[in-house]
file work.cif (mmCIF, C-alpha atoms)
data_data
#
loop_
_atom_site.label_atom_id
_atom_site.label_comp_id
_atom_site.auth_asym_id
_atom_site.auth_seq_id
_atom_site.Cartn_x
_atom_site.Cartn_y
_atom_site.Cartn_z
CA MET A 1 -1.51 -6.54 -11.19
CA VAL A 2 -2.34 -8.85 -14.06
CA ALA A 3 -3.16 -7.91 -17.61
CA ASP A 4 -6.74 -9.20 -17.43
CA ALA A 5 -7.88 -6.75 -14.73
CA SER A 6 -11.43 -5.54 -15.32
CA LEU A 7 -11.98 -1.99 -16.48
CA PHE A 8 -13.92 -1.11 -13.33
CA GLN A 9 -11.04 -2.31 -11.20
CA ILE A 10 -8.58 -0.24 -13.20
CA PHE A 11 -10.85 2.77 -12.85
CA MET A 12 -11.09 2.40 -9.05
CA ASP A 13 -7.32 1.85 -8.91
CA GLY A 14 -6.64 5.05 -10.80
CA VAL A 15 -9.06 7.26 -8.90
CA PHE A 16 -8.86 5.95 -5.33
CA ILE A 17 -6.71 2.96 -4.43
CA LYS A 18 -3.57 3.99 -6.28
CA ASN A 19 -4.32 7.69 -6.27
CA PHE A 20 -1.39 9.34 -7.98
CA LEU A 21 -0.96 12.29 -5.67
CA ILE A 22 -1.36 11.01 -2.16
CA ILE A 23 -0.76 7.27 -2.37
CA GLN A 24 1.87 6.97 -5.10
CA PHE A 25 3.45 10.44 -4.66
CA LEU A 26 3.53 11.33 -8.34
CA GLY A 27 3.13 14.97 -9.34
CA LEU A 28 3.72 16.46 -5.91
CA CYS A 29 5.33 19.65 -7.24
CA SER A 30 2.00 20.82 -8.60
CA PHE A 31 0.21 19.40 -5.56
CA VAL A 32 1.95 21.83 -3.19
CA GLY A 33 2.59 24.55 -5.77
CA VAL A 34 -0.74 25.08 -7.51
CA THR A 35 -3.25 24.36 -4.72
CA LYS A 36 -3.28 27.80 -3.11
CA ASP A 37 -6.64 28.60 -4.76
CA THR A 38 -9.35 26.46 -6.29
CA LYS A 39 -9.37 28.24 -9.63
CA SER A 40 -5.80 27.44 -10.60
CA ALA A 41 -6.12 23.93 -9.15
CA ALA A 42 -9.12 23.36 -11.43
CA GLY A 43 -7.22 24.70 -14.45
CA MET A 44 -4.24 22.48 -13.76
CA SER A 45 -6.48 19.43 -13.20
CA GLY A 46 -8.30 20.01 -16.48
CA ALA A 47 -5.03 20.21 -18.37
CA VAL A 48 -3.67 17.09 -16.65
CA ILE A 49 -6.78 14.95 -17.35
CA PHE A 50 -6.57 15.96 -20.99
CA VAL A 51 -2.84 15.36 -21.48
CA MET A 52 -2.78 12.17 -19.39
CA THR A 53 -5.49 10.49 -21.45
CA LEU A 54 -3.84 11.55 -24.71
CA ALA A 55 -0.36 10.54 -23.54
CA ALA A 56 -1.60 7.09 -22.46
CA THR A 57 -3.21 6.61 -25.88
CA VAL A 58 -0.34 7.85 -28.03
CA SER A 59 2.45 6.21 -26.05
CA PHE A 60 0.65 2.84 -26.16
CA LEU A 61 0.55 3.08 -29.94
CA ILE A 62 4.19 4.14 -30.18
CA TYR A 63 5.44 1.49 -27.76
CA ASN A 64 3.52 -1.42 -29.25
CA PHE A 65 3.62 -0.54 -32.95
CA VAL A 66 7.01 1.16 -33.27
CA LEU A 67 9.36 0.22 -30.43
CA VAL A 68 8.39 -3.44 -29.89
CA PRO A 69 8.50 -4.50 -33.59
CA LEU A 70 11.88 -2.79 -34.00
CA LYS A 71 13.17 -4.28 -30.70
CA LEU A 72 13.91 -0.79 -29.40
CA GLU A 73 12.24 -1.19 -26.00
CA PHE A 74 15.33 0.18 -24.26
CA LEU A 75 14.57 3.56 -25.83
CA ASP A 76 11.16 3.71 -24.13
CA LEU A 77 12.07 6.40 -21.63
CA ILE A 78 13.59 8.78 -24.16
CA SER A 79 10.76 8.33 -26.65
CA PHE A 80 8.03 8.80 -24.00
CA ILE A 81 9.59 12.05 -22.82
CA VAL A 82 9.77 13.35 -26.38
CA VAL A 83 6.20 12.18 -27.07
CA ILE A 84 4.84 13.95 -24.00
CA ALA A 85 6.71 17.17 -24.76
CA ALA A 86 5.53 17.13 -28.37
CA LEU A 87 1.98 16.31 -27.31
CA VAL A 88 1.83 19.18 -24.84
CA GLN A 89 3.08 21.55 -27.53
CA LEU A 90 0.54 20.21 -30.02
CA VAL A 91 -2.34 20.48 -27.55
CA GLU A 92 -1.26 24.05 -26.85
CA PHE A 93 -1.38 24.96 -30.57
CA VAL A 94 -4.77 23.30 -31.15
CA VAL A 95 -6.42 24.73 -28.05
CA ARG A 96 -5.08 28.22 -28.73
CA LYS A 97 -6.38 28.17 -32.30
CA ASN A 98 -9.79 26.59 -31.74
CA VAL A 99 -10.85 27.27 -28.14
CA PRO A 100 -9.22 30.56 -27.11
CA SER A 101 -11.29 30.84 -23.91
CA LEU A 102 -10.05 27.43 -22.70
CA TYR A 103 -6.50 28.43 -23.66
CA ARG A 104 -6.71 31.55 -21.52
CA SER A 105 -7.77 29.54 -18.48
CA LEU A 106 -5.29 26.65 -19.01
CA GLY A 107 -2.57 28.83 -20.55
CA ILE A 108 0.34 28.76 -18.15
CA TYR A 109 -0.41 25.26 -16.83
CA LEU A 110 0.06 23.46 -20.12
CA PRO A 111 3.87 23.85 -20.38
CA LEU A 112 4.22 22.82 -16.73
CA ILE A 113 2.78 19.41 -17.53
CA THR A 114 5.81 18.33 -19.57
CA THR A 115 7.83 17.92 -16.40
CA ASN A 116 4.93 16.64 -14.29
CA CYS A 117 5.98 13.17 -13.23
CA ALA A 118 2.35 12.04 -12.98
CA VAL A 119 2.00 12.02 -16.79
CA LEU A 120 5.22 10.08 -17.37
CA GLY A 121 4.21 7.85 -14.45
CA VAL A 122 0.94 6.84 -16.13
CA VAL A 123 2.77 5.94 -19.31
CA LEU A 124 5.43 3.91 -17.50
CA LEU A 125 2.89 2.10 -15.31
CA ASN A 126 0.89 1.16 -18.40
CA VAL A 127 3.97 -0.50 -19.87
CA LEU A 128 4.90 -2.12 -16.54
CA ASN A 129 1.41 -3.59 -16.00
CA GLU A 130 1.17 -4.72 -19.64
CA TYR A 131 -2.24 -3.13 -20.07
CA SER A 132 -4.11 -3.52 -23.36
CA PHE A 133 -5.10 -0.47 -25.41
CA ILE A 134 -8.52 0.04 -23.76
CA GLN A 135 -7.06 -0.60 -20.30
CA SER A 136 -4.29 1.93 -20.90
CA VAL A 137 -6.73 4.62 -21.96
CA VAL A 138 -9.04 3.92 -19.01
CA PHE A 139 -6.11 3.97 -16.59
CA GLY A 140 -4.88 7.27 -18.04
CA ALA A 141 -8.29 8.90 -17.77
CA SER A 142 -9.02 7.59 -14.26
CA ALA A 143 -5.59 8.60 -12.97
CA GLY A 144 -6.33 12.08 -14.31
CA LEU A 145 -9.69 12.09 -12.54
CA GLY A 146 -8.09 10.97 -9.27
CA TYR A 147 -5.52 13.75 -9.65
CA ALA A 148 -8.30 16.31 -10.19
CA LEU A 149 -10.27 15.02 -7.20
CA VAL A 150 -7.38 15.41 -4.79
CA MET A 151 -6.23 18.75 -6.24
CA LEU A 152 -9.73 20.20 -5.76
CA MET A 153 -10.10 18.83 -2.22
CA MET A 154 -6.66 20.09 -1.23
CA SER A 155 -7.15 23.56 -2.70
CA GLY A 156 -10.58 23.84 -1.04
CA ILE A 157 -9.11 22.98 2.35
CA ARG A 158 -6.13 25.31 1.87
CA GLU A 159 -8.40 28.18 0.84
CA ARG A 160 -10.47 27.77 3.97
CA THR A 161 -7.43 27.59 6.24
CA THR A 162 -5.60 30.67 4.91
CA LEU A 163 -6.79 32.80 7.82
CA VAL A 164 -6.21 30.17 10.51
CA ASN A 165 -3.63 31.28 13.04
CA VAL A 166 -0.92 28.61 12.86
CA PRO A 167 2.53 28.92 14.51
CA SER A 168 4.86 30.93 12.28
CA SER A 169 7.26 28.05 11.57
CA MET A 170 4.34 25.85 10.46
CA ARG A 171 3.04 28.38 7.93
CA GLY A 172 3.14 27.48 4.24
CA LEU A 173 4.54 24.11 3.21
CA PRO A 174 4.57 22.29 6.60
CA HIS A 175 0.92 23.21 7.03
CA ALA A 176 0.12 21.92 3.54
CA PHE A 177 1.92 18.65 4.29
CA LEU A 178 -0.05 18.11 7.49
CA ILE A 179 -3.32 18.65 5.59
CA ALA A 180 -2.05 16.12 3.05
CA THR A 181 -1.35 13.67 5.89
CA MET A 182 -5.01 13.69 6.87
CA LEU A 183 -6.24 13.45 3.27
CA SER A 184 -3.86 10.56 2.73
CA MET A 185 -5.11 8.77 5.86
CA ALA A 186 -8.60 8.88 4.40
CA PHE A 187 -7.40 7.46 1.09
CA VAL A 188 -5.35 4.65 2.66
CA ASN A 189 -8.65 3.25 3.96
CA TYR A 190 -9.77 2.53 0.40
CA PHE A 191 -7.31 -0.39 0.43
CA GLY A 192 -9.79 -2.30 2.56
CA VAL A 193 -13.10 -0.85 1.44
CA ILE A 194 -12.84 -1.90 -2.19
CA PRO A 195 -11.94 -5.60 -2.33
CA LEU A 196 -9.75 -6.66 -5.23
CA MET B 197 34.26 31.09 -4.98
CA ASP B 198 36.07 28.26 -3.23
CA PRO B 199 35.19 24.62 -3.90
CA LEU B 200 34.50 23.67 -0.29
CA SER B 201 31.88 26.36 0.31
CA GLU B 202 30.25 25.46 -3.02
CA PHE B 203 30.02 21.87 -1.78
CA ILE B 204 28.61 22.83 1.64
CA ARG B 205 26.06 25.13 -0.02
CA GLY B 206 24.41 22.08 -1.64
CA ILE B 207 23.85 20.55 1.79
CA THR B 208 22.70 23.61 3.70
CA LYS B 209 21.39 26.70 1.94
CA ASP B 210 20.63 25.13 -1.45
CA ASN B 211 19.62 21.75 -0.07
CA PRO B 212 17.41 20.23 -2.78
CA ILE B 213 14.58 19.26 -0.42
CA PHE B 214 14.49 21.77 2.42
CA GLY B 215 16.11 24.75 0.69
CA LEU B 216 14.78 24.64 -2.85
CA VAL B 217 11.85 22.21 -2.35
CA LEU B 218 12.62 20.24 -5.52
CA GLY B 219 12.22 16.54 -6.17
CA LEU B 220 9.54 15.84 -3.60
CA CYS B 221 8.06 12.80 -5.34
CA PRO B 222 10.99 10.38 -4.88
CA THR B 223 11.72 11.85 -1.46
CA LEU B 224 8.35 10.79 -0.13
CA ALA B 225 7.78 7.67 -2.21
CA VAL B 226 10.95 5.65 -1.68
CA THR B 227 11.78 6.54 1.92
CA THR B 228 10.02 3.55 3.49
CA SER B 229 13.45 2.22 4.49
CA ILE B 230 17.07 3.37 4.59
CA ASP B 231 18.06 0.80 1.93
CA ASN B 232 15.64 2.30 -0.58
CA ALA B 233 16.75 5.82 0.36
CA ILE B 234 20.40 4.95 -0.32
CA GLY B 235 19.58 3.21 -3.62
CA MET B 236 17.51 6.12 -4.84
CA SER B 237 20.14 8.71 -3.85
CA ALA B 238 22.88 6.70 -5.56
CA GLY B 239 20.90 6.58 -8.82
CA THR B 240 20.05 10.27 -8.64
CA ALA B 241 23.64 11.20 -7.76
CA PHE B 242 25.03 9.32 -10.76
CA VAL B 243 22.61 11.04 -13.14
CA LEU B 244 23.15 14.45 -11.54
CA ILE B 245 26.95 14.25 -11.69
CA CYS B 246 27.03 12.98 -15.29
CA SER B 247 24.43 15.44 -16.57
CA ASN B 248 26.08 18.39 -14.81
CA LEU B 249 29.47 17.46 -16.32
CA MET B 250 28.03 16.96 -19.79
CA VAL B 251 25.87 20.09 -19.79
CA SER B 252 28.78 22.14 -18.50
CA GLY B 253 31.15 20.70 -21.08
CA LEU B 254 28.73 21.39 -23.92
CA ARG B 255 27.43 24.73 -22.66
CA LYS B 256 29.15 26.75 -25.40
CA GLN B 257 27.77 24.47 -28.15
CA ILE B 258 24.15 24.25 -26.94
CA PRO B 259 21.97 26.97 -28.55
CA ALA B 260 20.07 28.87 -25.87
CA ALA B 261 16.70 28.53 -27.59
CA VAL B 262 16.60 24.73 -27.51
CA ARG B 263 18.61 24.12 -24.34
CA LEU B 264 15.79 22.54 -22.30
CA PRO B 265 14.99 19.72 -24.76
CA ILE B 266 18.73 19.02 -25.03
CA PHE B 267 19.09 18.89 -21.23
CA ILE B 268 16.15 16.47 -21.04
CA LEU B 269 17.67 14.21 -23.69
CA ILE B 270 21.05 14.18 -21.91
CA ILE B 271 19.35 13.35 -18.61
CA ALA B 272 17.14 10.66 -20.19
CA THR B 273 20.21 8.95 -21.62
CA PHE B 274 21.92 8.69 -18.23
CA VAL B 275 18.69 7.59 -16.55
CA SER B 276 18.36 4.79 -19.10
CA ILE B 277 21.89 3.68 -18.16
CA VAL B 278 21.04 3.68 -14.44
CA LYS B 279 17.81 1.80 -15.11
CA MET B 280 19.51 -0.95 -17.11
CA VAL B 281 22.46 -1.33 -14.70
CA MET B 282 20.18 -1.49 -11.67
CA GLU B 283 17.81 -3.95 -13.34
CA ALA B 284 20.75 -6.23 -14.20
CA TYR B 285 22.83 -6.08 -11.01
CA PHE B 286 20.42 -5.05 -8.21
CA PRO B 287 17.09 -6.64 -9.17
CA SER B 288 15.59 -6.50 -5.66
CA MET B 289 16.44 -2.81 -5.30
CA PHE B 290 15.01 -2.18 -8.75
CA ALA B 291 11.77 -3.94 -7.80
CA ALA B 292 11.46 -1.91 -4.59
CA LEU B 293 12.08 1.45 -6.26
CA GLY B 294 9.93 0.49 -9.25
CA VAL B 295 8.74 3.28 -11.46
CA PHE B 296 10.74 5.90 -9.56
CA ILE B 297 14.05 4.94 -11.21
CA PRO B 298 12.86 5.89 -14.72
CA LEU B 299 11.13 8.90 -13.17
CA ILE B 300 14.53 10.38 -12.21
CA VAL B 301 14.24 11.85 -15.70
CA VAL B 302 11.63 14.37 -14.56
CA ASN B 303 13.24 15.00 -11.19
CA CYS B 304 13.35 18.79 -10.94
CA ILE B 305 16.65 18.71 -8.99
CA ILE B 306 18.62 17.52 -12.00
CA ILE B 307 17.19 19.84 -14.62
CA GLY B 308 17.23 22.63 -12.02
CA ARG B 309 20.97 22.25 -11.42
CA ALA B 310 21.62 21.96 -15.18
CA GLU B 311 19.73 25.15 -15.91
CA ALA B 312 20.75 27.18 -12.86
CA TYR B 313 24.37 26.10 -12.43
CA ALA B 314 26.02 23.82 -15.00
CA ASN B 315 24.85 25.98 -17.87
CA LYS B 316 26.82 28.94 -16.50
CA ASN B 317 29.90 27.43 -14.80
CA ASN B 318 32.90 25.36 -15.80
CA MET B 319 33.13 21.59 -15.45
CA PHE B 320 35.06 21.54 -12.18
CA TYR B 321 32.59 23.72 -10.30
CA SER B 322 29.66 21.88 -11.89
CA LEU B 323 31.09 18.63 -10.53
CA ILE B 324 31.43 20.15 -7.06
CA ASP B 325 27.89 21.49 -7.26
CA ALA B 326 26.53 18.10 -8.31
CA LEU B 327 28.42 16.38 -5.47
CA GLY B 328 27.06 18.89 -2.95
CA SER B 329 23.47 18.58 -4.11
CA SER B 330 23.74 14.79 -4.17
CA ALA B 331 25.11 14.77 -0.62
CA GLY B 332 22.27 17.03 0.52
CA PHE B 333 19.71 14.79 -1.17
CA LEU B 334 21.25 11.64 0.34
CA LEU B 335 21.27 13.11 3.87
CA VAL B 336 17.62 14.14 3.72
CA LEU B 337 16.50 10.83 2.22
CA VAL B 338 18.40 8.81 4.81
CA LEU B 339 17.01 11.01 7.60
CA ILE B 340 13.40 10.60 6.46
CA GLY B 341 13.91 6.92 5.65
CA GLY B 342 15.50 6.35 9.05
CA ILE B 343 12.66 8.00 10.97
CA ARG B 344 10.01 6.11 9.03
CA GLU B 345 11.78 2.75 9.26
CA LEU B 346 12.49 3.14 12.97
CA LEU B 347 8.92 4.03 13.90
CA GLY B 348 7.22 1.91 11.26
CA THR B 349 9.04 -1.37 11.87
CA GLY B 350 10.59 -0.85 15.31
CA GLY B 351 14.20 -1.08 14.14
CA ILE B 352 16.75 -0.07 11.54
CA ALA B 353 18.43 -2.59 9.28
CA ILE B 354 20.89 -1.61 6.54
CA PHE B 355 21.30 -4.22 3.78
CA GLY B 356 20.32 -7.05 6.09
CA THR B 357 22.33 -6.04 9.18
CA GLN B 358 20.25 -5.02 12.18
CA LEU B 359 21.71 -1.78 13.56
CA LEU B 360 19.17 -0.61 16.07
CA SER B 361 15.90 -1.72 17.54
CA ILE B 362 13.54 -0.05 19.96
CA PRO B 363 10.92 -1.78 22.10
CA ILE B 364 7.80 -0.23 20.60
CA ASN B 365 4.76 -1.54 18.83
CA PRO B 366 5.53 -0.85 15.15
CA ILE B 367 3.38 2.01 13.87
CA THR B 368 2.44 0.77 10.39
CA PHE B 369 1.05 4.25 9.69
CA MET B 370 4.61 5.55 9.33
CA ILE B 371 5.56 3.34 6.38
CA LEU B 372 2.26 3.99 4.60
CA SER B 373 1.85 7.17 2.61
CA PRO B 374 0.42 9.40 5.41
CA GLY B 375 3.60 8.82 7.44
CA ALA B 376 5.69 10.33 4.66
CA PHE B 377 3.65 13.52 4.61
CA LEU B 378 3.70 13.73 8.41
CA THR B 379 7.49 13.24 8.63
CA ILE B 380 8.39 15.78 5.96
CA GLY B 381 5.84 18.29 7.32
CA ILE B 382 7.32 18.16 10.81
CA LEU B 383 10.94 18.21 9.55
CA MET B 384 10.17 21.24 7.40
CA ALA B 385 8.58 23.01 10.36
CA ILE B 386 11.74 22.33 12.42
CA VAL B 387 13.96 23.67 9.61
CA ASN B 388 11.78 26.80 9.35
CA HIS B 389 11.99 27.29 13.11
CA ILE B 390 15.79 27.02 13.15
CA ARG B 391 16.04 29.38 10.19
CA ALA B 392 13.77 31.97 11.86
CA LYS B 393 15.82 31.80 15.06
CA LYS B 394 19.07 32.29 13.13
CA LEU B 395 17.57 35.28 11.33
CA ALA B 396 16.39 36.82 14.59
CA ARG B 397 19.84 36.39 16.14
CA GLY B 398 21.61 37.85 13.11
CA GLY B 399 19.32 40.85 12.65
#
call {"tool": "encode", "arguments": {"input": "work.cif", "output": "structure tokens"}}
result
Amino acid sequence: MVADASLFQIFMDGVFIKNFLIIQFLGLCSFVGVTKDTKSAAGMSGAVIFVMTLAATVSFLIYNFVLVPLKLEFLDLISFIVVIAALVQLVEFVVRKNVPSLYRSLGIYLPLITTNCAVLGVVLLNVLNEYSFIQSVVFGASAGLGYALVMLMMSGIRERTTLVNVPSSMRGLPHAFLIATMLSMAFVNYFGVIPL
Amino acid sequence: MDPLSEFIRGITKDNPIFGLVLGLCPTLAVTTSIDNAIGMSAGTAFVLICSNLMVSGLRKQIPAAVRLPIFILIIATFVSIVKMVMEAYFPSMFAALGVFIPLIVVNCIIIGRAEAYANKNNMFYSLIDALGSSAGFLLVLVLIGGIRELLGTGGIAIFGTQLLSIPINPITFMILSPGAFLTIGILMAIVNHIRAKKLARGG
């Protein structure tokens, strides 16, 4: 991937072609943990879109205007982790104070995001691909959207299959992984459909 | 509590992948070949052993209220070391594992062991626990990587030496992402089946 990729291409990459959950395998803990019902999947997705976009924005600024001028690039990992943790805490304070109804629905999912590898993954991929500021923000937002898309599809399918009579050793996680196999097969086809 | 059973526990009952279901992202993402599986497990093992030792050594000094941020900083330091060493000495491995080396930092296995074990036990047992969990992680990664490499490319090669080849048409599906989900789904079902049988026999 080169630095002059068009914004549309980055958007399609984030949502479909390099979908974080089922192509790149980032953030799988929440993928199997929080998709038992659509409501919590939607809450988690909302929180992730929000934090991912913010983290992409803030970490770009920190990396390019603090770490690079001071030649401290080797500290990138430590500073990104701290930035994400601080950001999640900050978002929690602001949302709780100003939008209490949103806080009640996102509540428990916000702290979980700190250790969600999808958020750190976006930040690291932005640095790796040498995206510009606008590209970083677009990639962050579209990766969040792709995450939400798959979370909602997965939770919808799992809700509808709760009463299906599967063999007892397949119940739970194995069943979820086989559903993910089929979802992933559908997404692999985007490699060919959208020419790059 | 004897050291050997603590070590075995990390492979069987508390196996990071099949027992505790932690650290799924690297398990699925890097297991396209055995080489990658070994590289990833080695990096994770180094970080796990060092962080367990350090957390255990400092457990009396770390205030309980801020222990998680401190654990994360300790882990991030060791991950940075792994990242730099691998980039310098194993550039092809680093390119293949890509973003998953820095992502060891948010691997739930490491912070899980720090919080659940190293924070409460002395350095010797923490070392044994880290070795056991690393061995369990390595075995599962090599197993999944082996299955996917064998079916996806029609043979197994470890660091350039061809070990095994079977006369089949390579199923590219297995080294793409759906193959990872399929393999781990079926393996987990087998583990569940064995566990249920054991339970039925015991009770």
call {"tool": "residues_around", "arguments": {"input": "work.cif", "residues": "segment 342-350 of chain B", "least_positions_apart": "2", "cutoff": "9 Å", "atoms": "all atoms listed in the file", "output": "list in words"}}
result
Thr227, Thr228, Ser229, Ile230, Ala233, Leu337, Val338, Leu339, Ile340, Ile352, Ala353, Leu360, Ser361, Ile362, Pro363, Ile364, Asn365, Pro366, Ile367, Thr368, Phe369, Met370, Ile371, Leu372, Gly375, Ala376 and Thr379 of chain B
call {"tool": "resolve_selection", "arguments": {"input": "work.cif", "expression": "the PyMOL selection byres ((chain A) within 7 of (chain B))", "output": "ChimeraX atom specification"}}
result
/A:22-29,77-78,115,117,124,169-170,174-175,177-178,180-181,184-185
call {"tool": "write_last_selection", "arguments": {"input": "work.cif", "atoms": "C-alpha atoms", "output": "PDB file, in the coordinates of the input"}}
result
ATOM      1  CA  ILE A  22      -1.360  11.010  -2.160  1.00  0.00           C
ATOM      2  CA  ILE A  23      -0.760   7.270  -2.370  1.00  0.00           C
ATOM      3  CA  GLN A  24       1.870   6.970  -5.100  1.00  0.00           C
ATOM      4  CA  PHE A  25       3.450  10.440  -4.660  1.00  0.00           C
ATOM      5  CA  LEU A  26       3.530  11.330  -8.340  1.00  0.00           C
ATOM      6  CA  GLY A  27       3.130  14.970  -9.340  1.00  0.00           C
ATOM      7  CA  LEU A  28       3.720  16.460  -5.910  1.00  0.00           C
ATOM      8  CA  CYS A  29       5.330  19.650  -7.240  1.00  0.00           C
ATOM      9  CA  LEU A  77      12.070   6.400 -21.630  1.00  0.00           C
ATOM     10  CA  ILE A  78      13.590   8.780 -24.160  1.00  0.00           C
ATOM     11  CA  THR A 115       7.830  17.920 -16.400  1.00  0.00           C
ATOM     12  CA  CYS A 117       5.980  13.170 -13.230  1.00  0.00           C
ATOM     13  CA  LEU A 124       5.430   3.910 -17.500  1.00  0.00           C
ATOM     14  CA  SER A 169       7.260  28.050  11.570  1.00  0.00           C
ATOM     15  CA  MET A 170       4.340  25.850  10.460  1.00  0.00           C
ATOM     16  CA  PRO A 174       4.570  22.290   6.600  1.00  0.00           C
ATOM     17  CA  HIS A 175       0.920  23.210   7.030  1.00  0.00           C
ATOM     18  CA  PHE A 177       1.920  18.650   4.290  1.00  0.00           C
ATOM     19  CA  LEU A 178      -0.050  18.110   7.490  1.00  0.00           C
ATOM     20  CA  ALA A 180      -2.050  16.120   3.050  1.00  0.00           C
ATOM     21  CA  THR A 181      -1.350  13.670   5.890  1.00  0.00           C
ATOM     22  CA  SER A 184      -3.860  10.560   2.730  1.00  0.00           C
ATOM     23  CA  MET A 185      -5.110   8.770   5.860  1.00  0.00           C
TER      24      MET A 185
END
call {"tool": "residues_around", "arguments": {"input": "work.cif", "residues": "segment 87-100 of chain A", "least_positions_apart": "2", "cutoff": "7 Å", "atoms": "all atoms listed in the file", "output": "ChimeraX atom specification"}}
result
/A:51,83-85,102-104,110-111,114
call {"tool": "residues_near_point", "arguments": {"input": "work.cif", "point": "(-9.0, -3.4, -13.8)", "cutoff": "12 Å", "atoms": "only C-alpha atoms", "output": "PyMOL selection string"}}
result
chain A and resi 1-15+17-18+126+129-132+134-139+142+196
call {"tool": "atom_distance", "arguments": {"input": "work.cif", "atom1": "atom CA of Ser168 of chain A", "atom2": "atom CA of Phe333 of chain B"}}
result
25.7 Å
call {"tool": "closest_residue", "arguments": {"input": "work.cif", "among": "B:Ile234, B:Ala261, B:Leu334, B:Leu216", "to": "Ile305 of chain B", "atoms": "all atoms listed in the file"}}
result
B:Leu216
call {"tool": "atom_distance", "arguments": {"input": "work.cif", "atom1": "atom CA of Arg160 of chain A", "atom2": "atom CA of Ile213 of chain B"}}
result
26.8 Å
call {"tool": "resolve_selection", "arguments": {"input": "work.cif", "expression": "the PyMOL selection byres ((chain B and resi 317) around 12)", "output": "PyMOL selection string"}}
result
chain B and resi 197+202+248-256+309-316+318-326
call {"tool": "atom_distance", "arguments": {"input": "work.cif", "atom1": "atom CA of Tyr109 of chain A", "atom2": "atom CA of Arg171 of chain A"}}
result
25.2 Å
call {"tool": "build_atoms", "arguments": {"input": "work.cif", "residues": "segment 279-294 of chain B", "atoms": "N, CA and C atoms", "output": "compact mmCIF listing (two decimals), in the frame of the given file"}}
result
# COMPACT_ATOMS: atom_id res chain seq x y z
N LYS B 279 18.91 2.76 -15.15
CA LYS B 279 17.81 1.80 -15.11
C LYS B 279 18.29 0.41 -15.53
N MET B 280 19.07 0.35 -16.62
CA MET B 280 19.51 -0.95 -17.11
C MET B 280 20.51 -1.59 -16.15
N VAL B 281 21.45 -0.78 -15.62
CA VAL B 281 22.46 -1.33 -14.70
C VAL B 281 21.78 -1.86 -13.44
N MET B 282 20.83 -1.08 -12.91
CA MET B 282 20.18 -1.49 -11.67
C MET B 282 19.33 -2.74 -11.90
N GLU B 283 18.66 -2.80 -13.05
CA GLU B 283 17.81 -3.95 -13.34
C GLU B 283 18.67 -5.21 -13.44
N ALA B 284 19.90 -5.06 -13.99
CA ALA B 284 20.75 -6.23 -14.20
C ALA B 284 21.46 -6.66 -12.93
N TYR B 285 21.97 -5.70 -12.13
CA TYR B 285 22.83 -6.08 -11.01
C TYR B 285 22.15 -6.00 -9.65
N PHE B 286 21.11 -5.15 -9.50
CA PHE B 286 20.42 -5.05 -8.21
C PHE B 286 18.92 -5.24 -8.41
N PRO B 287 18.51 -6.46 -8.82
CA PRO B 287 17.09 -6.64 -9.17
C PRO B 287 16.14 -6.38 -8.01
N SER B 288 16.53 -6.70 -6.76
CA SER B 288 15.59 -6.50 -5.66
C SER B 288 15.41 -5.01 -5.38
N MET B 289 16.53 -4.26 -5.46
CA MET B 289 16.44 -2.81 -5.30
C MET B 289 15.59 -2.20 -6.41
N PHE B 290 15.77 -2.71 -7.63
CA PHE B 290 15.01 -2.18 -8.75
C PHE B 290 13.52 -2.43 -8.55
N ALA B 291 13.18 -3.63 -8.02
CA ALA B 291 11.77 -3.94 -7.80
C ALA B 291 11.18 -3.04 -6.72
N ALA B 292 11.98 -2.73 -5.68
CA ALA B 292 11.46 -1.91 -4.59
C ALA B 292 11.27 -0.46 -5.03
N LEU B 293 12.19 0.04 -5.85
CA LEU B 293 12.08 1.45 -6.26
C LEU B 293 11.12 1.61 -7.43
N GLY B 294 10.94 0.54 -8.20
CA GLY B 294 9.93 0.49 -9.25
C GLY B 294 10.01 1.63 -10.23
